[in-house]
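File shown: my_file.tsv. Contents: TSV, N, CA and C atoms.
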```tsv
chain	number	residue	atom	x	y	z
J	187	MET	N	175.76	-5.36	1.18
J	187	MET	CA	175.84	-6.60	1.92
J	187	MET	C	174.51	-6.93	2.57
J	188	ASP	N	173.76	-5.90	3.01
J	188	ASP	CA	172.47	-6.13	3.64
J	188	ASP	C	171.49	-6.76	2.68
J	189	LYS	N	171.55	-6.32	1.42
J	189	LYS	CA	170.63	-6.83	0.40
J	189	LYS	C	170.87	-8.33	0.18
J	190	LYS	N	172.12	-8.72	0.19
J	190	LYS	CA	172.47	-10.11	-0.04
J	190	LYS	C	171.96	-10.99	1.11
J	191	ASN	N	172.13	-10.52	2.34
J	191	ASN	CA	171.65	-11.28	3.49
J	191	ASN	C	170.13	-11.36	3.51
J	192	ALA	N	169.45	-10.28	3.15
J	192	ALA	CA	167.99	-10.29	3.11
J	192	ALA	C	167.50	-11.25	2.05
J	193	LEU	N	168.14	-11.27	0.90
J	193	LEU	CA	167.76	-12.19	-0.17
J	193	LEU	C	167.99	-13.64	0.26
J	194	ARG	N	169.10	-13.88	0.93
J	194	ARG	CA	169.39	-15.23	1.40
J	194	ARG	C	168.36	-15.69	2.45
J	195	ALA	N	167.99	-14.80	3.37
J	195	ALA	CA	167.00	-15.14	4.40
J	195	ALA	C	165.63	-15.38	3.78
J	196	GLY	N	165.26	-14.55	2.80
J	196	GLY	CA	163.98	-14.74	2.12
J	196	GLY	C	163.93	-16.04	1.35
J	197	ALA	N	165.02	-16.37	0.66
J	197	ALA	CA	165.07	-17.62	-0.09
J	197	ALA	C	165.01	-18.82	0.85
J	198	LEU	N	165.67	-18.73	1.97
J	198	LEU	CA	165.64	-19.82	2.95
J	198	LEU	C	164.23	-20.00	3.52
J	199	ALA	N	163.57	-18.89	3.87
J	199	ALA	CA	162.21	-18.98	4.41
J	199	ALA	C	161.24	-19.53	3.37
J	200	ALA	N	161.36	-19.05	2.13
J	200	ALA	CA	160.47	-19.54	1.07
J	200	ALA	C	160.73	-21.01	0.79
J	201	GLY	N	161.98	-21.41	0.75
J	201	GLY	CA	162.32	-22.82	0.50
J	201	GLY	C	161.83	-23.73	1.60
J	202	THR	N	161.99	-23.30	2.83
J	202	THR	CA	161.52	-24.10	3.96
J	202	THR	C	160.01	-24.24	3.93
J	203	THR	N	159.30	-23.15	3.66
J	203	THR	CA	157.84	-23.19	3.58
J	203	THR	C	157.38	-24.11	2.46
J	204	LEU	N	158.01	-23.99	1.31
J	204	LEU	CA	157.65	-24.82	0.17
J	204	LEU	C	157.88	-26.29	0.46
J	205	MET	N	159.01	-26.61	1.06
J	205	MET	CA	159.31	-28.02	1.38
J	205	MET	C	158.32	-28.58	2.39
J	206	MET	N	157.93	-27.78	3.38
J	206	MET	CA	156.97	-28.26	4.37
J	206	MET	C	155.61	-28.50	3.72
J	207	LEU	N	155.21	-27.63	2.79
J	207	LEU	CA	153.95	-27.83	2.10
J	207	LEU	C	153.98	-29.07	1.21
J	208	LEU	N	155.10	-29.29	0.53
J	208	LEU	CA	155.20	-30.45	-0.36
J	208	LEU	C	155.33	-31.77	0.39
J	209	MET	N	155.96	-31.74	1.54
J	209	MET	CA	156.21	-32.98	2.29
J	209	MET	C	155.05	-33.37	3.20
J	210	SER	N	154.16	-32.44	3.46
J	210	SER	CA	153.05	-32.77	4.36
J	210	SER	C	152.03	-33.64	3.63
J	211	SER	N	151.46	-34.56	4.36
J	211	SER	CA	150.48	-35.46	3.76
J	211	SER	C	149.11	-34.80	3.78
J	212	PRO	N	148.22	-35.22	2.90
J	212	PRO	CA	146.88	-34.63	2.90
J	212	PRO	C	146.12	-34.98	4.17
J	213	ALA	N	145.16	-34.17	4.49
J	213	ALA	CA	144.43	-34.35	5.74
J	213	ALA	C	143.54	-35.58	5.72
J	214	LEU	N	143.07	-35.99	4.57
J	214	LEU	CA	142.18	-37.15	4.44
J	214	LEU	C	140.97	-37.02	5.36
J	215	ALA	N	140.36	-35.85	5.36
J	215	ALA	CA	139.25	-35.58	6.26
J	215	ALA	C	138.00	-36.37	5.88
J	216	LEU	N	137.90	-36.80	4.64
J	216	LEU	CA	136.70	-37.52	4.22
J	216	LEU	C	136.76	-39.01	4.52
J	217	ALA	N	137.95	-39.53	4.79
J	217	ALA	CA	138.10	-40.96	5.08
J	217	ALA	C	137.80	-41.19	6.56
J	218	ARG	N	136.81	-42.01	6.84
J	218	ARG	CA	136.43	-42.31	8.22
J	218	ARG	C	137.31	-43.43	8.79
J	219	ASP	N	137.69	-43.28	10.03
J	219	ASP	CA	138.45	-44.31	10.71
J	219	ASP	C	137.49	-45.22	11.47
J	220	ASP	N	137.98	-46.41	11.83
J	220	ASP	CA	137.17	-47.31	12.64
J	220	ASP	C	136.91	-46.67	13.99
J	221	GLY	N	135.66	-46.69	14.43
J	221	GLY	CA	135.30	-46.11	15.71
J	221	GLY	C	135.09	-44.62	15.66
J	222	ASP	N	135.17	-44.03	14.49
J	222	ASP	CA	134.97	-42.59	14.35
J	222	ASP	C	133.50	-42.27	14.54
J	223	ASP	N	133.21	-41.37	15.46
J	223	ASP	CA	131.82	-41.00	15.73
J	223	ASP	C	131.73	-39.48	15.87
J	224	PRO	N	131.74	-38.76	14.74
J	224	PRO	CA	131.70	-37.31	14.83
J	224	PRO	C	130.35	-36.81	15.29
J	225	GLY	N	130.35	-35.76	16.05
J	225	GLY	CA	129.11	-35.15	16.51
J	225	GLY	C	128.57	-34.21	15.45
J	226	LYS	N	127.47	-33.55	15.80
J	226	LYS	CA	126.91	-32.59	14.84
J	226	LYS	C	127.79	-31.35	14.80
J	227	GLY	N	127.81	-30.69	13.68
J	227	GLY	CA	128.66	-29.53	13.49
J	227	GLY	C	128.15	-28.31	14.23
J	228	LEU	N	129.00	-27.31	14.35
J	228	LEU	CA	128.63	-26.06	14.98
J	228	LEU	C	128.09	-25.09	13.93
J	229	SER	N	127.15	-24.27	14.34
J	229	SER	CA	126.67	-23.22	13.44
J	229	SER	C	127.69	-22.08	13.42
J	230	VAL	N	127.48	-21.13	12.53
J	230	VAL	CA	128.40	-19.99	12.42
J	230	VAL	C	128.41	-19.19	13.71
J	231	ILE	N	127.24	-18.98	14.29
J	231	ILE	CA	127.14	-18.21	15.54
J	231	ILE	C	127.86	-18.94	16.67
J	232	GLN	N	127.68	-20.25	16.76
J	232	GLN	CA	128.36	-21.01	17.81
J	232	GLN	C	129.88	-20.98	17.62
J	233	THR	N	130.31	-21.09	16.37
J	233	THR	CA	131.75	-21.08	16.10
J	233	THR	C	132.36	-19.72	16.46
J	234	LEU	N	131.71	-18.63	16.06
J	234	LEU	CA	132.21	-17.30	16.40
J	234	LEU	C	132.20	-17.07	17.91
J	235	GLY	N	131.16	-17.55	18.57
J	235	GLY	CA	131.11	-17.40	20.02
J	235	GLY	C	132.22	-18.16	20.71
J	236	LEU	N	132.50	-19.37	20.23
J	236	LEU	CA	133.50	-20.22	20.87
J	236	LEU	C	134.92	-19.75	20.61
J	237	TYR	N	135.22	-19.35	19.36
J	237	TYR	CA	136.60	-19.05	19.00
J	237	TYR	C	136.93	-17.56	18.94
J	238	VAL	N	135.93	-16.69	19.00
J	238	VAL	CA	136.19	-15.25	18.96
J	238	VAL	C	135.70	-14.57	20.23
J	239	LEU	N	134.43	-14.73	20.52
J	239	LEU	CA	133.84	-14.01	21.65
J	239	LEU	C	134.36	-14.51	23.00
J	240	THR	N	134.45	-15.80	23.19
J	240	THR	CA	134.92	-16.34	24.47
J	240	THR	C	136.35	-15.88	24.81
J	241	PRO	N	137.32	-15.95	23.88
J	241	PRO	CA	138.66	-15.45	24.22
J	241	PRO	C	138.68	-13.94	24.52
J	242	LEU	N	137.87	-13.16	23.78
J	242	LEU	CA	137.83	-11.71	24.04
J	242	LEU	C	137.26	-11.42	25.43
J	243	VAL	N	136.21	-12.12	25.81
J	243	VAL	CA	135.63	-11.92	27.14
J	243	VAL	C	136.61	-12.35	28.22
J	244	LEU	N	137.28	-13.47	28.00
J	244	LEU	CA	138.27	-13.95	28.97
J	244	LEU	C	139.42	-12.96	29.11
J	245	PHE	N	139.88	-12.40	28.00
J	245	PHE	CA	140.94	-11.39	28.05
J	245	PHE	C	140.47	-10.16	28.83
J	246	ALA	N	139.25	-9.71	28.57
J	246	ALA	CA	138.73	-8.53	29.25
J	246	ALA	C	138.60	-8.77	30.76
J	247	VAL	N	138.14	-9.96	31.14
J	247	VAL	CA	138.00	-10.27	32.57
J	247	VAL	C	139.36	-10.29	33.25
J	248	ILE	N	140.34	-10.93	32.63
J	248	ILE	CA	141.67	-11.01	33.23
J	248	ILE	C	142.30	-9.61	33.32
J	249	ALA	N	142.19	-8.82	32.25
J	249	ALA	CA	142.74	-7.46	32.27
J	249	ALA	C	142.05	-6.61	33.33
J	250	GLY	N	140.74	-6.76	33.45
J	250	GLY	CA	140.00	-6.00	34.47
J	250	GLY	C	140.42	-6.38	35.87
J	251	LEU	N	140.59	-7.68	36.12
J	251	LEU	CA	141.03	-8.12	37.44
J	251	LEU	C	142.43	-7.61	37.77
J	252	VAL	N	143.30	-7.60	36.79
J	252	VAL	CA	144.66	-7.10	37.02
J	252	VAL	C	144.62	-5.62	37.37
J	253	MET	N	143.80	-4.85	36.65
J	253	MET	CA	143.74	-3.41	36.92
J	253	MET	C	143.08	-3.12	38.27
J	254	VAL	N	142.03	-3.86	38.61
J	254	VAL	CA	141.33	-3.61	39.87
J	254	VAL	C	142.16	-4.05	41.07
J	255	LEU	N	142.84	-5.17	40.94
J	255	LEU	CA	143.59	-5.72	42.07
J	255	LEU	C	145.03	-5.24	42.14
J	256	ASP	N	145.39	-4.26	41.32
J	256	ASP	CA	146.74	-3.72	41.33
J	256	ASP	C	147.00	-3.02	42.66
J	257	LYS	N	148.02	-3.47	43.38
J	257	LYS	CA	148.30	-2.93	44.72
J	257	LYS	C	149.36	-1.84	44.71
J	258	SER	N	150.02	-1.63	43.61
J	258	SER	CA	151.09	-0.63	43.61
J	258	SER	C	150.51	0.77	43.74
J	259	LYS	N	151.14	1.56	44.57
J	259	LYS	CA	150.67	2.92	44.84
J	259	LYS	C	151.41	3.94	43.99
J	260	VAL	N	152.57	3.60	43.49
J	260	VAL	CA	153.38	4.53	42.74
J	260	VAL	C	152.90	4.55	41.30
J	261	ARG	N	152.56	5.72	40.82
J	261	ARG	CA	152.14	5.89	39.44
J	261	ARG	C	153.21	6.70	38.73
J	262	VAL	N	153.71	6.18	37.65
J	262	VAL	CA	154.75	6.86	36.89
J	262	VAL	C	154.07	7.71	35.83
J	263	THR	N	154.39	8.99	35.83
J	263	THR	CA	153.83	9.89	34.83
J	263	THR	C	154.97	10.45	33.99
J	264	LYS	N	154.63	10.80	32.78
J	264	LYS	CA	155.63	11.38	31.89
J	264	LYS	C	155.93	12.80	32.33
J	265	PRO	N	157.19	13.19	32.29
J	265	PRO	CA	157.52	14.58	32.61
J	265	PRO	C	157.00	15.50	31.51
J	266	LYS	N	156.55	16.67	31.91
J	266	LYS	CA	156.01	17.61	30.93
J	266	LYS	C	157.15	18.19	30.10
J	267	ALA	N	156.88	18.31	28.81
J	267	ALA	CA	157.89	18.86	27.91
J	267	ALA	C	158.00	20.37	28.12
J	268	LYS	N	159.21	20.85	28.14
J	268	LYS	CA	159.43	22.29	28.30
J	268	LYS	C	159.39	22.95	26.95
J	269	ALA	N	158.66	24.06	26.87
J	269	ALA	CA	158.53	24.76	25.58
J	269	ALA	C	159.60	25.77	25.37
```
Would you mind writing the structure in this file as structure tokens?
Amino acid sequence: MDKKNALRAGALAAGTTLMMLLMSSPALALARDDGDDPGKGLSVIQTLGLYVLTPLVLFAVIAGLVMVLDKSKVRVTKPKAKA
């Protein structure tokens, strides 16, 4: 019975994905709209800095602040295993 449910769920997910891909319209990125004024593009270094490095630094800063400003005094330790 598990196999049948897994097959049904997989078919449903695949069908839904396929329908969304077929029904979506093309991006038409090359067609300019009236009033469209794109700026200059980003270099590879700028793109990596903006979308990779900045979130990692932000995560590290937030995690560091949480650890430093943690006010709880109780530390939970694992009990030692008896041999």
Q | Atomic distance atom C of Pro224 in chain J - CA of Leu236 in chain J, expressed in Å with one decimal | A |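 Answer for the atom C of Pro224 in chain J to CA of Leu236 in chain J separation: 17.8 Å.
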Around all of range 220-234 of chain J's listed atoms, make the axis-aligned box with 8 Å on each side and tell me centre and edge lengths in Å to one decimal, as AutoDock Vina command-line options.
```
--center_x 132.3 --center_y -32.2 --center_z 14.9 --size_x 27.3 --size_y 46.2 --size_z 22.1
```
Q) Quick one, how far is atom N of Lys264 in chain J from atom N of Ala249 in chain J? A) 23.2 Å
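Atom C of Gly235 in chain J is found 16.4 Å from atom C of Val247 in chain J.
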Q. Among range 193-256 of chain J, which ones does DSSP place in helix (DSSP H, G or I), written as number ranges by chain?
A. J: 193-209, 230-254
Let's have the selection written as a short mmCIF file (atom, residue, chain, number, x, y, z; two decimals), keeping the file's coordinate frame, with N, CA and C atoms.
```cif
data_model
loop_
_atom_site.label_atom_id
_atom_site.label_comp_id
_atom_site.auth_asym_id
_atom_site.auth_seq_id
_atom_site.Cartn_x
_atom_site.Cartn_y
_atom_site.Cartn_z
N LEU J 193 168.14 -11.27 0.90
CA LEU J 193 167.76 -12.19 -0.17
C LEU J 193 167.99 -13.64 0.26
N ARG J 194 169.10 -13.88 0.93
CA ARG J 194 169.39 -15.23 1.40
C ARG J 194 168.36 -15.69 2.45
N ALA J 195 167.99 -14.80 3.37
CA ALA J 195 167.00 -15.14 4.40
C ALA J 195 165.63 -15.38 3.78
N GLY J 196 165.26 -14.55 2.80
CA GLY J 196 163.98 -14.74 2.12
C GLY J 196 163.93 -16.04 1.35
N ALA J 197 165.02 -16.37 0.66
CA ALA J 197 165.07 -17.62 -0.09
C ALA J 197 165.01 -18.82 0.85
N LEU J 198 165.67 -18.73 1.97
CA LEU J 198 165.64 -19.82 2.95
C LEU J 198 164.23 -20.00 3.52
N ALA J 199 163.57 -18.89 3.87
CA ALA J 199 162.21 -18.98 4.41
C ALA J 199 161.24 -19.53 3.37
N ALA J 200 161.36 -19.05 2.13
CA ALA J 200 160.47 -19.54 1.07
C ALA J 200 160.73 -21.01 0.79
N GLY J 201 161.98 -21.41 0.75
CA GLY J 201 162.32 -22.82 0.50
C GLY J 201 161.83 -23.73 1.60
N THR J 202 161.99 -23.30 2.83
CA THR J 202 161.52 -24.10 3.96
C THR J 202 160.01 -24.24 3.93
N THR J 203 159.30 -23.15 3.66
CA THR J 203 157.84 -23.19 3.58
C THR J 203 157.38 -24.11 2.46
N LEU J 204 158.01 -23.99 1.31
CA LEU J 204 157.65 -24.82 0.17
C LEU J 204 157.88 -26.29 0.46
N MET J 205 159.01 -26.61 1.06
CA MET J 205 159.31 -28.02 1.38
C MET J 205 158.32 -28.58 2.39
N MET J 206 157.93 -27.78 3.38
CA MET J 206 156.97 -28.26 4.37
C MET J 206 155.61 -28.50 3.72
N LEU J 207 155.21 -27.63 2.79
CA LEU J 207 153.95 -27.83 2.10
C LEU J 207 153.98 -29.07 1.21
N LEU J 208 155.10 -29.29 0.53
CA LEU J 208 155.20 -30.45 -0.36
C LEU J 208 155.33 -31.77 0.39
N MET J 209 155.96 -31.74 1.54
CA MET J 209 156.21 -32.98 2.29
C MET J 209 155.05 -33.37 3.20
N VAL J 230 127.48 -21.13 12.53
CA VAL J 230 128.40 -19.99 12.42
C VAL J 230 128.41 -19.19 13.71
N ILE J 231 127.24 -18.98 14.29
CA ILE J 231 127.14 -18.21 15.54
C ILE J 231 127.86 -18.94 16.67
N GLN J 232 127.68 -20.25 16.76
CA GLN J 232 128.36 -21.01 17.81
C GLN J 232 129.88 -20.98 17.62
N THR J 233 130.31 -21.09 16.37
CA THR J 233 131.75 -21.08 16.10
C THR J 233 132.36 -19.72 16.46
N LEU J 234 131.71 -18.63 16.06
CA LEU J 234 132.21 -17.30 16.40
C LEU J 234 132.20 -17.07 17.91
N GLY J 235 131.16 -17.55 18.57
CA GLY J 235 131.11 -17.40 20.02
C GLY J 235 132.22 -18.16 20.71
N LEU J 236 132.50 -19.37 20.23
CA LEU J 236 133.50 -20.22 20.87
C LEU J 236 134.92 -19.75 20.61
N TYR J 237 135.22 -19.35 19.36
CA TYR J 237 136.60 -19.05 19.00
C TYR J 237 136.93 -17.56 18.94
N VAL J 238 135.93 -16.69 19.00
CA VAL J 238 136.19 -15.25 18.96
C VAL J 238 135.70 -14.57 20.23
N LEU J 239 134.43 -14.73 20.52
CA LEU J 239 133.84 -14.01 21.65
C LEU J 239 134.36 -14.51 23.00
N THR J 240 134.45 -15.80 23.19
CA THR J 240 134.92 -16.34 24.47
C THR J 240 136.35 -15.88 24.81
N PRO J 241 137.32 -15.95 23.88
CA PRO J 241 138.66 -15.45 24.22
C PRO J 241 138.68 -13.94 24.52
N LEU J 242 137.87 -13.16 23.78
CA LEU J 242 137.83 -11.71 24.04
C LEU J 242 137.26 -11.42 25.43
N VAL J 243 136.21 -12.12 25.81
CA VAL J 243 135.63 -11.92 27.14
C VAL J 243 136.61 -12.35 28.22
N LEU J 244 137.28 -13.47 28.00
CA LEU J 244 138.27 -13.95 28.97
C LEU J 244 139.42 -12.96 29.11
N PHE J 245 139.88 -12.40 28.00
CA PHE J 245 140.94 -11.39 28.05
C PHE J 245 140.47 -10.16 28.83
N ALA J 246 139.25 -9.71 28.57
CA ALA J 246 138.73 -8.53 29.25
C ALA J 246 138.60 -8.77 30.76
N VAL J 247 138.14 -9.96 31.14
CA VAL J 247 138.00 -10.27 32.57
C VAL J 247 139.36 -10.29 33.25
N ILE J 248 140.34 -10.93 32.63
CA ILE J 248 141.67 -11.01 33.23
C ILE J 248 142.30 -9.61 33.32
N ALA J 249 142.19 -8.82 32.25
CA ALA J 249 142.74 -7.46 32.27
C ALA J 249 142.05 -6.61 33.33
N GLY J 250 140.74 -6.76 33.45
CA GLY J 250 140.00 -6.00 34.47
C GLY J 250 140.42 -6.38 35.87
N LEU J 251 140.59 -7.68 36.12
CA LEU J 251 141.03 -8.12 37.44
C LEU J 251 142.43 -7.61 37.77
N VAL J 252 143.30 -7.60 36.79
CA VAL J 252 144.66 -7.10 37.02
C VAL J 252 144.62 -5.62 37.37
N MET J 253 143.80 -4.85 36.65
CA MET J 253 143.74 -3.41 36.92
C MET J 253 143.08 -3.12 38.27
N VAL J 254 142.03 -3.86 38.61
CA VAL J 254 141.33 -3.61 39.87
C VAL J 254 142.16 -4.05 41.07
#
```
